[in-house]
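K.L.:
Okay, so here is entry.csv, and as you'll see once you scroll down, it has CSV, C-alpha atoms.
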```
chain,number,residue,atom,x,y,z
A,1280,MET,CA,0.0,0.0,0.0
A,1281,ASP,CA,1.3,3.4,-0.9
A,1282,LYS,CA,1.0,5.3,2.3
A,1283,ARG,CA,1.7,8.7,0.8
A,1284,TYR,CA,-1.2,8.1,-1.6
A,1285,GLN,CA,-3.3,6.9,1.3
A,1286,THR,CA,-2.7,10.2,3.2
A,1287,ALA,CA,-5.5,12.8,2.7
A,1288,PRO,CA,-4.6,16.4,1.9
A,1289,CYS,CA,-6.1,17.3,5.3
A,1290,GLY,CA,-3.6,15.1,7.1
A,1291,LEU,CA,-5.8,12.0,7.9
A,1292,ASP,CA,-3.9,8.8,7.8
A,1293,CYS,CA,-6.3,6.8,5.7
A,1294,PHE,CA,-4.0,3.8,5.7
A,1295,ASN,CA,-4.6,3.5,9.5
A,1296,CYS,CA,-8.4,4.0,9.5
A,1297,PRO,CA,-10.5,1.1,10.5
A,1298,ALA,CA,-12.9,1.9,7.7
A,1299,HIS,CA,-10.2,1.6,5.0
A,1300,LYS,CA,-10.7,-1.4,2.8
A,1301,GLU,CA,-7.3,-2.9,3.8
A,1302,ASN,CA,-8.2,-2.7,7.6
A,1303,LEU,CA,-11.9,-3.5,7.5
A,1304,THR,CA,-13.3,-6.2,9.8
A,1305,ASP,CA,-16.8,-7.6,9.4
A,1306,GLU,CA,-17.8,-5.8,12.6
A,1307,LYS,CA,-16.6,-2.4,11.4
A,1308,ARG,CA,-18.2,-3.0,8.0
A,1309,LYS,CA,-21.6,-3.5,9.7
A,1310,GLU,CA,-21.1,-0.5,12.0
A,1311,VAL,CA,-20.2,1.8,9.1
A,1312,ALA,CA,-23.0,0.5,6.9
A,1313,ASP,CA,-25.5,1.0,9.7
A,1314,SER,CA,-24.2,4.5,10.6
A,1315,LEU,CA,-24.2,5.7,7.0
A,1316,LYS,CA,-27.3,3.7,6.0
A,1317,ILE,CA,-25.6,2.2,3.0
A,1318,ALA,CA,-25.2,-1.4,1.8
A,1319,LEU,CA,-22.5,-3.6,3.3
A,1320,GLU,CA,-20.9,-3.9,-0.2
A,1321,GLU,CA,-20.5,-0.2,-0.4
A,1322,VAL,CA,-18.3,0.0,2.8
A,1323,GLY,CA,-14.6,0.0,2.3
A,1324,CYS,CA,-12.9,3.3,1.9
A,1325,LYS,CA,-10.1,3.5,-0.6
A,1326,GLY,CA,-8.8,6.9,0.6
A,1327,CYS,CA,-10.0,10.2,-0.8
A,1328,ARG,CA,-7.2,10.4,-3.5
A,1329,ALA,CA,-8.6,7.2,-5.1
A,1330,VAL,CA,-12.1,8.7,-5.4
A,1331,ASN,CA,-11.2,12.3,-6.1
A,1332,GLY,CA,-12.3,13.6,-2.7
A,1333,ARG,CA,-15.7,11.8,-2.6
A,1334,CYS,CA,-16.1,10.3,0.8
A,1335,HIS,CA,-19.0,8.4,2.4
A,1336,PHE,CA,-18.4,10.4,5.6
A,1337,VAL,CA,-18.8,13.8,3.9
A,1338,LYS,CA,-22.1,15.1,2.6
A,1339,GLY,CA,-21.5,16.5,-0.9
A,1340,GLU,CA,-18.0,17.7,-1.9
A,1341,CYS,CA,-15.3,17.8,0.7
A,1342,ALA,CA,-14.4,21.5,1.0
A,1343,THR,CA,-10.8,20.7,2.2
A,1344,TRP,CA,-10.2,18.4,-0.8
A,1345,ALA,CA,-11.6,21.1,-3.2
A,1346,CYS,CA,-9.4,23.8,-1.6
A,1347,ALA,CA,-6.3,21.7,-1.9
A,1348,GLN,CA,-7.1,21.0,-5.6
A,1349,LYS,CA,-7.7,24.6,-6.3
A,1350,LYS,CA,-4.5,25.7,-4.6
A,1351,GLY,CA,-2.5,22.9,-6.2
A,1352,VAL,CA,-1.1,21.5,-3.0
A,1353,THR,CA,-0.7,17.8,-2.1
A,1354,TYR,CA,-1.0,18.4,1.6
A,1355,CYS,CA,-2.6,21.4,3.4
A,1356,PHE,CA,0.6,22.2,5.3
A,1357,GLU,CA,2.1,23.3,1.9
A,1358,CYS,CA,-0.5,26.1,1.7
A,1359,ASN,CA,0.5,29.6,2.6
A,1360,LYS,CA,-2.7,29.9,4.6
A,1361,PHE,CA,-2.1,26.8,6.8
A,1362,PRO,CA,-3.7,26.3,9.2
A,1363,CYS,CA,-7.1,27.5,8.2
A,1364,GLY,CA,-10.6,27.2,9.5
A,1365,LEU,CA,-11.3,24.1,7.4
A,1366,LEU,CA,-9.0,22.2,9.8
A,1367,ALA,CA,-10.2,23.6,13.1
A,1368,PRO,CA,-11.1,21.0,15.7
A,1369,THR,CA,-14.4,21.0,17.6
A,1370,ALA,CA,-15.5,19.7,20.9
A,1371,GLN,CA,-18.6,18.2,19.3
A,1372,GLY,CA,-17.5,14.8,18.0
A,1373,ALA,CA,-14.0,15.2,19.6
A,1374,ASN,CA,-13.3,11.5,19.2
A,1375,TYR,CA,-13.4,11.8,15.4
A,1376,PRO,CA,-10.1,11.7,13.5
A,1377,HIS,CA,-10.8,15.2,12.2
A,1378,ASN,CA,-9.2,16.7,15.4
A,1379,MET,CA,-5.9,15.0,14.6
A,1380,LYS,CA,-5.5,16.8,11.2
A,1381,VAL,CA,-3.5,19.9,12.3
A,1382,TYR,CA,-1.3,17.9,14.5
A,1383,ASN,CA,-0.6,15.4,11.7
A,1384,LEU,CA,0.1,18.1,9.2
A,1385,CYS,CA,2.5,19.9,11.6
A,1386,ARG,CA,4.4,16.7,12.1
A,1387,MET,CA,4.5,16.1,8.3
A,1388,LYS,CA,5.9,19.6,7.8
A,1389,LEU,CA,8.5,19.0,10.5
A,1390,LEU,CA,9.5,15.3,9.8
A,1391,GLY,CA,8.6,15.0,6.1
A,1392,ILE,CA,5.9,12.7,4.9
A,1393,ASP,CA,7.9,9.5,5.3
A,1394,GLY,CA,9.0,10.4,8.9
A,1395,TRP,CA,5.4,11.2,9.8
A,1396,ILE,CA,4.2,7.9,8.2
A,1397,GLU,CA,6.5,6.0,10.6
A,1398,GLU,CA,4.8,7.6,13.6
A,1399,ALA,CA,1.2,7.9,12.3
A,1400,GLY,CA,0.1,4.7,14.0
A,1401,HIS,CA,1.5,5.8,17.3
A,1402,ILE,CA,-0.3,9.2,17.0
A,1403,ARG,CA,-3.6,7.5,16.3
A,1404,ASN,CA,-3.1,5.1,19.2
A,1405,ARG,CA,-2.3,8.0,21.6
A,1406,TYR,CA,-5.3,9.9,20.3
A,1407,TYR,CA,-7.9,7.1,20.7
A,1408,ASN,CA,-6.4,5.2,23.6
A,1409,GLY,CA,-4.4,7.8,25.5
A,1410,LYS,CA,-5.6,9.4,28.7
A,1411,PHE,CA,-5.3,13.2,28.6
A,1412,VAL,CA,-3.0,14.6,31.3
A,1413,VAL,CA,-2.8,18.3,31.5
A,1414,GLY,CA,0.7,19.4,30.5
A,1415,GLU,CA,1.5,16.0,29.0
A,1416,GLY,CA,-1.1,15.5,26.3
A,1417,PRO,CA,-2.4,12.0,25.7
A,1418,VAL,CA,-0.5,9.4,27.7
A,1419,LEU,CA,-0.8,5.7,27.2
A,1420,GLU,CA,-1.1,3.6,30.3
A,1421,THR,CA,1.6,1.0,30.7
A,1422,LYS,CA,0.8,-2.3,32.2
```
In structure tokens, how does this file's structure come out?

P.N.:
Amino acid sequence: MDKRYQTAPCGLDCFNCPAHKENLTDEKRKEVADSLKIALEEVGCKGCRAVNGRCHFVKGECATWACAQKKGVTYCFECNKFPCGLLAPTAQGANYPHNMKVYNLCRMKLLGIDGWIEEAGHIRNRYYNGKFVVGEGPVLETK
């Protein structure tokens, strides 16, 4: 799998997403189908680059995808207006991967895409499984 191609312009690591066709379990397929009210056969994201920004999780056209295309950037951090309001996190739905975008893009800019790819799984793990500790960010409990 080409992880650069499977990274959205907005900074989402599609290659690590449980809804990505390469990672999909039967349980997740059913969960996504039920949530989006689509047929089981339609579930299995290929990443937004493979479908020109069309995404089951976005109603209509993805504004971030359209903006990146218009500005001719591969990743939003390459834009002279980065970060912009299209990437702003929200408290509503704070467990969605949307809130990782700016952090991911900043790490891409700092480390380069390949350096970020190496740590993307750890970032996602800390985001979903870490316990927030003021002054330390998300901390994974050690057993």

K.L.:
Could you tell me which of A:Cys1363, A:Cys1324, A:Val1381, A:Cys1296 comes closest to A:Asn1404 if we count all atoms listed in the file?

P.N.:
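The shortest atom-to-atom distance to A:Asn1404 comes from A:Cys1296.
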
K.L.:
Ranking A:Cys1355, A:Ala1329, A:Ala1287, A:Val1322 by minimum distance to A:Cys1385 and counting only C-alpha atoms, which one comes first?

P.N.:
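So, comparing all the options, the nearest one is A:Cys1355.
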
K.L.:
Can you measure atom CA of A:Pro1368 to atom CA of A:Met1280 for me? One decimal in Å is fine.

P.N.:
28.5 Å

K.L.:
Please compute the atom CA of A:Gly1416-atom CA of A:Thr1286 distance, one decimal, in Å.

P.N.:
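Pair atom CA of A:Gly1416 / atom CA of A:Thr1286 returns 23.8 Å.
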
K.L.:
A:Asn1302: which residues within 12 Å, counting all atoms listed in the file, same-chain residues fewer than 2 positions away excluded, as an NGL selection string?

P.N.:
:A and (1280 or 1293-1300 or 1304-1308 or 1322-1326)

K.L.:
Go ahead and compute the interatomic distance for atom CA of A:Trp1395 and atom CA of A:Glu1420, in Å to one decimal.

P.N.:
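According to the coordinates, atom CA of A:Trp1395 and atom CA of A:Glu1420 are separated by 22.8 Å.
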
K.L.:
Would you list the contacts of A:Lys1380 as a PyMOL selection string, taking every protein, DNA or RNA residue within 10 Å and counting only C-alpha atoms, but skipping same-chain residues closer than 3 positions in sequence?

P.N.:
chain A and resi 1287-1292+1355+1362+1366-1368+1376-1377+1383-1386

K.L.:
Would you mind telling me which residue in A:Thr1421, A:Gly1394, A:Ala1345, A:Lys1309 lies nearest to A:Gly1332 when using all atoms listed in the file?

P.N.:
A:Ala1345

K.L.:
Give me, as a list of chain:residue names, all polymer residues having an atom no more than 8 Å from A:His1335, counting only C-alpha atoms and skipping those fewer than 2 positions away in the same chain.

P.N.:
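Residues near the query, excluding close chain neighbours: A:Leu1315, A:Cys1324, A:Arg1333, A:Val1337, A:Lys1338.
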
K.L.:
From the set A:Val1330, A:Glu1357, A:Glu1398, A:Gly1364, which residue has the shortest atom-to-atom contact distance to A:Ala1342, counting all atoms listed in the file?

P.N.:
A:Gly1364

K.L.:
Using all atoms listed in the file for the distances, tell me which of A:Phe1336, A:Lys1349, A:Ile1392, A:Ala1399 is nearest to A:Ala1312.

P.N.:
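The answer is A:Phe1336, which sits nearest to A:Ala1312.
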
K.L.:
For a quick check of understanding, using all atoms listed in the file, which of A:Phe1356, A:Lys1282, A:Leu1365, A:Tyr1375 has the smallest distance to A:Leu1389?

P.N.:
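Looking only at the distances to A:Leu1389, the closest residue turns out to be A:Phe1356.
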
K.L.:
Can you patch up stretch 1283-1305 of chain A, filling it in to N, CA, C and O atoms, and show the result as a PDB file, in the frame of the given file?

P.N.:
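Output below, filename result30.pdb:
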```pdb
ATOM      1  N   ARG A1283       1.795   7.267   1.162  1.00  0.00           N
ATOM      2  CA  ARG A1283       1.700   8.700   0.800  1.00  0.00           C
ATOM      3  C   ARG A1283       0.397   8.935   0.030  1.00  0.00           C
ATOM      4  O   ARG A1283      -0.280   9.926   0.272  1.00  0.00           O
ATOM      5  N   TYR A1284       0.046   8.024  -0.871  1.00  0.00           N
ATOM      6  CA  TYR A1284      -1.200   8.100  -1.600  1.00  0.00           C
ATOM      7  C   TYR A1284      -2.401   7.952  -0.706  1.00  0.00           C
ATOM      8  O   TYR A1284      -3.463   8.519  -0.932  1.00  0.00           O
ATOM      9  N   GLN A1285      -2.238   7.188   0.340  1.00  0.00           N
ATOM     10  CA  GLN A1285      -3.300   6.900   1.300  1.00  0.00           C
ATOM     11  C   GLN A1285      -3.305   7.912   2.464  1.00  0.00           C
ATOM     12  O   GLN A1285      -3.858   7.631   3.517  1.00  0.00           O
ATOM     13  N   THR A1286      -2.694   9.069   2.251  1.00  0.00           N
ATOM     14  CA  THR A1286      -2.700  10.200   3.200  1.00  0.00           C
ATOM     15  C   THR A1286      -3.535  11.292   2.566  1.00  0.00           C
ATOM     16  O   THR A1286      -3.185  11.766   1.492  1.00  0.00           O
ATOM     17  N   ALA A1287      -4.610  11.712   3.210  1.00  0.00           N
ATOM     18  CA  ALA A1287      -5.500  12.800   2.700  1.00  0.00           C
ATOM     19  C   ALA A1287      -4.763  14.109   2.710  1.00  0.00           C
ATOM     20  O   ALA A1287      -3.895  14.334   3.555  1.00  0.00           O
ATOM     21  N   PRO A1288      -5.132  15.027   1.833  1.00  0.00           N
ATOM     22  CA  PRO A1288      -4.600  16.400   1.900  1.00  0.00           C
ATOM     23  C   PRO A1288      -4.695  17.019   3.254  1.00  0.00           C
ATOM     24  O   PRO A1288      -3.822  17.754   3.696  1.00  0.00           O
ATOM     25  N   CYS A1289      -5.784  16.705   3.953  1.00  0.00           N
ATOM     26  CA  CYS A1289      -6.100  17.300   5.300  1.00  0.00           C
ATOM     27  C   CYS A1289      -5.231  16.711   6.387  1.00  0.00           C
ATOM     28  O   CYS A1289      -5.280  17.193   7.516  1.00  0.00           O
ATOM     29  N   GLY A1290      -4.475  15.652   6.113  1.00  0.00           N
ATOM     30  CA  GLY A1290      -3.600  15.100   7.100  1.00  0.00           C
ATOM     31  C   GLY A1290      -4.143  13.791   7.753  1.00  0.00           C
ATOM     32  O   GLY A1290      -3.497  13.243   8.642  1.00  0.00           O
ATOM     33  N   LEU A1291      -5.282  13.307   7.311  1.00  0.00           N
ATOM     34  CA  LEU A1291      -5.800  12.000   7.900  1.00  0.00           C
ATOM     35  C   LEU A1291      -4.959  10.880   7.288  1.00  0.00           C
ATOM     36  O   LEU A1291      -4.669  10.839   6.098  1.00  0.00           O
ATOM     37  N   ASP A1292      -4.617   9.966   8.164  1.00  0.00           N
ATOM     38  CA  ASP A1292      -3.900   8.800   7.800  1.00  0.00           C
ATOM     39  C   ASP A1292      -4.833   7.672   7.382  1.00  0.00           C
ATOM     40  O   ASP A1292      -5.107   6.768   8.137  1.00  0.00           O
ATOM     41  N   CYS A1293      -5.335   7.770   6.161  1.00  0.00           N
ATOM     42  CA  CYS A1293      -6.300   6.800   5.700  1.00  0.00           C
ATOM     43  C   CYS A1293      -5.868   5.380   5.829  1.00  0.00           C
ATOM     44  O   CYS A1293      -6.664   4.488   6.116  1.00  0.00           O
ATOM     45  N   PHE A1294      -4.573   5.152   5.674  1.00  0.00           N
ATOM     46  CA  PHE A1294      -4.000   3.800   5.700  1.00  0.00           C
ATOM     47  C   PHE A1294      -4.168   3.176   7.130  1.00  0.00           C
ATOM     48  O   PHE A1294      -4.096   1.968   7.282  1.00  0.00           O
ATOM     49  N   ASN A1295      -4.395   3.972   8.162  1.00  0.00           N
ATOM     50  CA  ASN A1295      -4.600   3.500   9.500  1.00  0.00           C
ATOM     51  C   ASN A1295      -6.064   3.399   9.929  1.00  0.00           C
ATOM     52  O   ASN A1295      -6.391   2.886  10.992  1.00  0.00           O
ATOM     53  N   CYS A1296      -6.941   3.930   9.111  1.00  0.00           N
ATOM     54  CA  CYS A1296      -8.400   4.000   9.500  1.00  0.00           C
ATOM     55  C   CYS A1296      -9.018   2.657   9.471  1.00  0.00           C
ATOM     56  O   CYS A1296      -8.839   1.875   8.542  1.00  0.00           O
ATOM     57  N   PRO A1297      -9.820   2.370  10.496  1.00  0.00           N
ATOM     58  CA  PRO A1297     -10.500   1.100  10.500  1.00  0.00           C
ATOM     59  C   PRO A1297     -11.551   0.920   9.415  1.00  0.00           C
ATOM     60  O   PRO A1297     -11.940  -0.198   9.102  1.00  0.00           O
ATOM     61  N   ALA A1298     -11.981   2.020   8.777  1.00  0.00           N
ATOM     62  CA  ALA A1298     -12.900   1.900   7.700  1.00  0.00           C
ATOM     63  C   ALA A1298     -12.261   1.755   6.318  1.00  0.00           C
ATOM     64  O   ALA A1298     -12.931   1.558   5.310  1.00  0.00           O
ATOM     65  N   HIS A1299     -10.921   1.821   6.293  1.00  0.00           N
ATOM     66  CA  HIS A1299     -10.200   1.600   5.000  1.00  0.00           C
ATOM     67  C   HIS A1299     -10.313   0.183   4.602  1.00  0.00           C
ATOM     68  O   HIS A1299     -10.267  -0.735   5.422  1.00  0.00           O
ATOM     69  N   LYS A1300     -10.459  -0.033   3.314  1.00  0.00           N
ATOM     70  CA  LYS A1300     -10.700  -1.400   2.800  1.00  0.00           C
ATOM     71  C   LYS A1300      -9.647  -2.399   3.228  1.00  0.00           C
ATOM     72  O   LYS A1300      -9.941  -3.568   3.408  1.00  0.00           O
ATOM     73  N   GLU A1301      -8.410  -1.959   3.428  1.00  0.00           N
ATOM     74  CA  GLU A1301      -7.300  -2.900   3.800  1.00  0.00           C
ATOM     75  C   GLU A1301      -7.443  -3.276   5.319  1.00  0.00           C
ATOM     76  O   GLU A1301      -6.851  -4.266   5.729  1.00  0.00           O
ATOM     77  N   ASN A1302      -8.165  -2.495   6.121  1.00  0.00           N
ATOM     78  CA  ASN A1302      -8.200  -2.700   7.600  1.00  0.00           C
ATOM     79  C   ASN A1302      -9.605  -3.183   8.038  1.00  0.00           C
ATOM     80  O   ASN A1302      -9.798  -3.445   9.217  1.00  0.00           O
ATOM     81  N   LEU A1303     -10.535  -3.268   7.145  1.00  0.00           N
ATOM     82  CA  LEU A1303     -11.900  -3.500   7.500  1.00  0.00           C
ATOM     83  C   LEU A1303     -12.195  -4.880   8.062  1.00  0.00           C
ATOM     84  O   LEU A1303     -11.790  -5.880   7.487  1.00  0.00           O
ATOM     85  N   THR A1304     -12.861  -4.897   9.203  1.00  0.00           N
ATOM     86  CA  THR A1304     -13.300  -6.200   9.800  1.00  0.00           C
ATOM     87  C   THR A1304     -14.832  -6.268   9.482  1.00  0.00           C
ATOM     88  O   THR A1304     -15.474  -5.260   9.146  1.00  0.00           O
ATOM     89  N   ASP A1305     -15.392  -7.445   9.629  1.00  0.00           N
ATOM     90  CA  ASP A1305     -16.800  -7.600   9.400  1.00  0.00           C
ATOM     91  C   ASP A1305     -17.625  -6.729  10.376  1.00  0.00           C
ATOM     92  O   ASP A1305     -18.630  -6.125   9.993  1.00  0.00           O
TER      93      ASP A1305
END
```
